[in-house]
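Have a look at the structure below, then the notes.
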Amino acid sequence: MTTRVLTGVTTTGIPHLGNYAGAIRPAIRASQQADVDAFFFMADYHALIKCDDPERVAISRRAIAATWLACGLDVEKVTFYRQSDIPEIPELSWMLGCVTGKGLMNRAHAYKASVDKNEAAGVEPDDGVTMGLFSYPVLMAADILMFNAHKVPVGRDQVQHLEMARDIAKSFNHLYGRGKELFVLPEVQVEEDVALLPGLDGRKMSKSYDNTIPLFEGGAKALKAAIARIVTDSKGPGESKDPDDSHLTALYKAFATPEQTQAFRQQLIDGMAWGEAKDALHQLLEAMIAPMRDRYEALMARPQDIEDLLQVGARKARAYATPFIHELKAAVGLRDPLSVAVSKTEAKARKARFVNFRDEDGTFRFRLQDAAGQELFLSRSYADPKQAGVAIKALQTAAFAEVAKQDGQELQIHCAGEEVARVSADLRDAVAAALDSMRD
Ligand code: TRP
């Protein structure tokens, strides 16, 4: 059985080396396995929650797409798309929101952190909290459940969101599944060791710590300059260094073979200068990054090429999402009455027909309904039910032109010289079709 693996990247930044080691490289490797059906996307609706700078969102979307493509993502094998190109995702998000307890969202770490901060600052608990932030996990659940992903590789900070996606899926399955699992329950996958790539100062490499090493941004020069800024201790050249005490070793190890790492460690123990160690790291990284950087720059210079590839992805994603959203909408009762016959009784009701009834004042009337059960017209009232029956019979047998007379914006329905009903002329075709269908 193939495993569907899905993950998303919020489009607010430009990928750095930590993103490459922690997310991009493992995801692309996983996607190359024969039994994996990978879905990777840019969470650009999620970006609007964190960022109200349109320029930044636009640049980030392009840079992230170019980065993943340059790093070897194969659009033939992987479904690679932008969240905002799949309108079914926000549609599903709404439906999921309707089965999600507000209490569940109150417990989300990101929301709670904002509330805690506000309380500490002595302002309203929800100060500055948007509905986007509050319902962030619902949209994320829609991203995942829309494609029935089995596995979702994410960072540790996203684990709670995956638990919420499972809870939401369970509620929906329970309420609307009628014994069938509409949604697969997704499993979280945390990349344990690579998630810890250190930054220039030894803390986790992260934009918010301003300690990142760029991947492609700024070219070869920027890579070299960042490596030169890696913090080391003050041991001089010739002095023996503890390789386990330096994040330089951790950085080297993340991209080197075990043999290379072994040699690097030994050289540090033997007194290699920090400057030389940085040169060694630079050589290692530059050799790996240079060919990818060339592809990145070529793609960034041709936005239309990126766009074409993303449209291929959007079509592949929607080939799954469009029929599935129809099924989900039908499950909650949002059925297309003309195309979906769900039961035998409904199938029978799917013909135009007359319905007669006794009105509150004791007189008799009938209405004409179209195949979807919509009323086309309501007749005048008859004192005698037989008279109403005669009128119905006549309408069913006479040619349309004989019974219908258009008067400006109105269509008058006649029978034996008497007016039966008046409808808007807009309904002319619908009335004609309904009457025709009864004549056969
Ligand atoms: N919230 C994720 C992050 O910040 C990005 C994301 C959005 C995502 N939707 C997703 C990840 C669906 C996995 C699956 O990292």
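Residue names in the structure tokens use chain letters A, B, ... in the order shown, residue numbers from 1 in each chain, and ligand numbers from 1 in the order shown.
Look at range 107-123 of chain A: the protein and nucleic acid residues within 8 Å of it, using only C-alpha atoms and passing over chain neighbours fewer than 4 places away, are Gly103, Asp127, Val129, Leu133, Phe134, Pro137, Gln160 and His161 of chain A.
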Give one line per residue of chain A that approaches ligand 1 to at most 10 Å, naming the two atoms of the closest pair and their distance in Å to one decimal, counting only C-alpha atoms and all ligand atoms; sort by chain then ascending residue number and deliver it as a tab-separated table.
residue	atom	partner	partner_atom_place_in_ligand_line	distance
A:Val5	CA	ligand 1	14 (C)	9.4
A:Leu6	CA	ligand 1	14 (C)	6.1
A:Thr7	CA	ligand 1	13 (C)	3.9
A:Gly8	CA	ligand 1	8 (C)	3.9
A:Val9	CA	ligand 1	5 (C)	4.7
A:Thr10	CA	ligand 1	5 (C)	5.0
A:Thr11	CA	ligand 1	5 (C)	8.8
A:Thr12	CA	ligand 1	4 (O)	9.8
A:Ala23	CA	ligand 1	15 (O)	9.5
A:Phe39	CA	ligand 1	14 (C)	9.5
A:Phe40	CA	ligand 1	14 (C)	8.6
A:Phe41	CA	ligand 1	10 (C)	8.1
A:Met42	CA	ligand 1	7 (C)	7.8
A:Ala43	CA	ligand 1	7 (C)	5.2
A:Asp44	CA	ligand 1	7 (C)	8.5
A:Tyr45	CA	ligand 1	7 (C)	8.7
A:His46	CA	ligand 1	7 (C)	6.3
A:Ala47	CA	ligand 1	7 (C)	8.9
A:Lys50	CA	ligand 1	4 (O)	10.0
A:Gln83	CA	ligand 1	9 (N)	8.5
A:Tyr136	CA	ligand 1	1 (N)	8.0
A:Pro137	CA	ligand 1	1 (N)	7.8
A:Val138	CA	ligand 1	9 (N)	9.4
A:Leu139	CA	ligand 1	9 (N)	7.1
A:Met140	CA	ligand 1	9 (N)	4.2
A:Ala141	CA	ligand 1	12 (C)	6.8
A:Ala142	CA	ligand 1	12 (C)	8.0
A:Asp143	CA	ligand 1	12 (C)	5.2
A:Ile144	CA	ligand 1	12 (C)	5.4
A:Leu145	CA	ligand 1	12 (C)	9.1
A:Ala149	CA	ligand 1	14 (C)	9.1
A:Lys151	CA	ligand 1	14 (C)	9.2
A:Val152	CA	ligand 1	13 (C)	5.9
A:Pro153	CA	ligand 1	13 (C)	6.7
A:Val154	CA	ligand 1	13 (C)	5.9
A:Gly155	CA	ligand 1	15 (O)	6.5
A:Arg156	CA	ligand 1	15 (O)	9.2
A:Asp157	CA	ligand 1	15 (O)	7.8
A:Gln158	CA	ligand 1	1 (N)	6.3
A:Val159	CA	ligand 1	1 (N)	9.7
A:His161	CA	ligand 1	1 (N)	7.7
A:Leu162	CA	ligand 1	14 (C)	8.0
A:Ala165	CA	ligand 1	12 (C)	9.5
A:Pro186	CA	ligand 1	14 (C)	9.8
A:Val188	CA	ligand 1	13 (C)	9.0
A:Gln189	CA	ligand 1	13 (C)	10.0
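Comparing A:Ala254, A:Ala394, A:Leu427, A:Val420 by their smallest distance to Glu375 in chain A, the closest is A:Leu427 (using only C-alpha atoms).
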Discussion item. Quick check for you: according to DSSP on this backbone, which residues of range 66-291 of chain A are classed as strand (DSSP E or B)? Reply as a VMD selection string.
Written reply: chain A and resid 79 to 82 151 to 154 187 to 190 198 204 214
Item to complete: Can you list, as number ranges by chain, all residues belonging to range 31-196 of chain A that DSSP tags as alpha helix (DSSP H)?
Response: A: 31, 44-50, 54-70, 88-97, 102-106, 109-120, 131-134, 136-145, 159-176
Discussion item. If we count only C-alpha atoms and set the cut-off at 9 Å, which residues sit around Leu378 in chain A, ignoring sequence neighbours fewer than 5 positions away in its own chain? Please answer as a ChimeraX atom specification.
Written reply: /A:365-368,420-423
Those same residues, written as an mmCIF file, in the first residue's frame with C-alpha atoms?
data_model
loop_
_atom_site.group_PDB
_atom_site.id
_atom_site.type_symbol
_atom_site.label_atom_id
_atom_site.label_comp_id
_atom_site.auth_asym_id
_atom_site.auth_seq_id
_atom_site.Cartn_x
_atom_site.Cartn_y
_atom_site.Cartn_z
ATOM 1 C CA ARG A 365 -55.205 24.320 -4.585
ATOM 2 C CA PHE A 366 -52.338 22.618 -6.298
ATOM 3 C CA ARG A 367 -48.781 23.512 -7.055
ATOM 4 C CA LEU A 368 -46.442 22.504 -9.835
ATOM 5 C CA VAL A 420 -55.078 29.019 -13.141
ATOM 6 C CA ALA A 421 -51.943 30.838 -12.058
ATOM 7 C CA ARG A 422 -49.493 33.619 -12.857
ATOM 8 C CA VAL A 423 -45.742 33.284 -12.692
#
Discussion item. I want to know what sits within 9 Å of Leu251 in chain A, based on only C-alpha atoms, with residues of the same chain fewer than 4 positions away left out; could you give that as a PyMOL selection string?
Written reply: chain A and resi 197-199+247+255-256+281
Practice prompt. Do a neighbour search on Phe264 in chain A at 12 Å with only C-alpha atoms, toss out local chain neighbours closer than 6 positions, and write the hits as a PyMOL selection string.
Written response: chain A and resi 241-244+246+248-253+256-258+270-274+276-281+284
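The list of residues with at least one atom within 10 Å of range 200-203 of chain A, based on only C-alpha atoms and without residues fewer than 6 positions apart in the same chain, reads Tyr209, Asp210, Asn211, Thr212, Ile213, Ala226, Ile227, Ala228, Arg229, Ile230, Val231, Thr232, Ser246, His247, Leu248, Ala250 and Leu251 of chain A.
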Fill in: Interatomic distance (Å, one decimal) between CA of Arg82 in chain A and CA of Arg25 in chain A
19.2 Å
Discussion item. Which residues are close to Ala383 in chain A, i.e. within 10 Å by only C-alpha atoms, leaving aside same-chain residues fewer than 2 positions away? Reply as a list in words.
Written reply: Arg358, Asp361, Gly362, Thr363, Phe364, Arg365, Ser381, Pro385, Lys386, Gln387 and Ala388 of chain A
For those residues, write C-alpha atoms to a file as an mmCIF file, in the first residue's frame.
data_model
loop_
_atom_site.group_PDB
_atom_site.id
_atom_site.type_symbol
_atom_site.label_atom_id
_atom_site.label_comp_id
_atom_site.auth_asym_id
_atom_site.auth_seq_id
_atom_site.Cartn_x
_atom_site.Cartn_y
_atom_site.Cartn_z
ATOM 1 C CA ARG A 358 -56.435 21.659 1.029
ATOM 2 C CA ASP A 361 -59.538 28.372 4.280
ATOM 3 C CA GLY A 362 -60.951 25.002 3.209
ATOM 4 C CA THR A 363 -60.521 25.537 -0.527
ATOM 5 C CA PHE A 364 -58.406 23.371 -2.810
ATOM 6 C CA ARG A 365 -55.205 24.320 -4.585
ATOM 7 C CA SER A 381 -58.157 28.138 -5.138
ATOM 8 C CA PRO A 385 -61.446 19.330 -5.427
ATOM 9 C CA LYS A 386 -62.815 17.808 -8.636
ATOM 10 C CA GLN A 387 -62.443 21.123 -10.450
ATOM 11 C CA ALA A 388 -58.800 21.241 -9.365
#
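With distances restricted to only C-alpha atoms, A:Phe216 is the closest residue to Met300 in chain A from A:Phe172, A:Tyr382, A:Phe80, A:Phe216.
Taking only C-alpha atoms into account, Ala70 in chain A lies nearest to A:Tyr296 out of the set A:Tyr20, A:Tyr176, A:Trp94, A:Tyr296.
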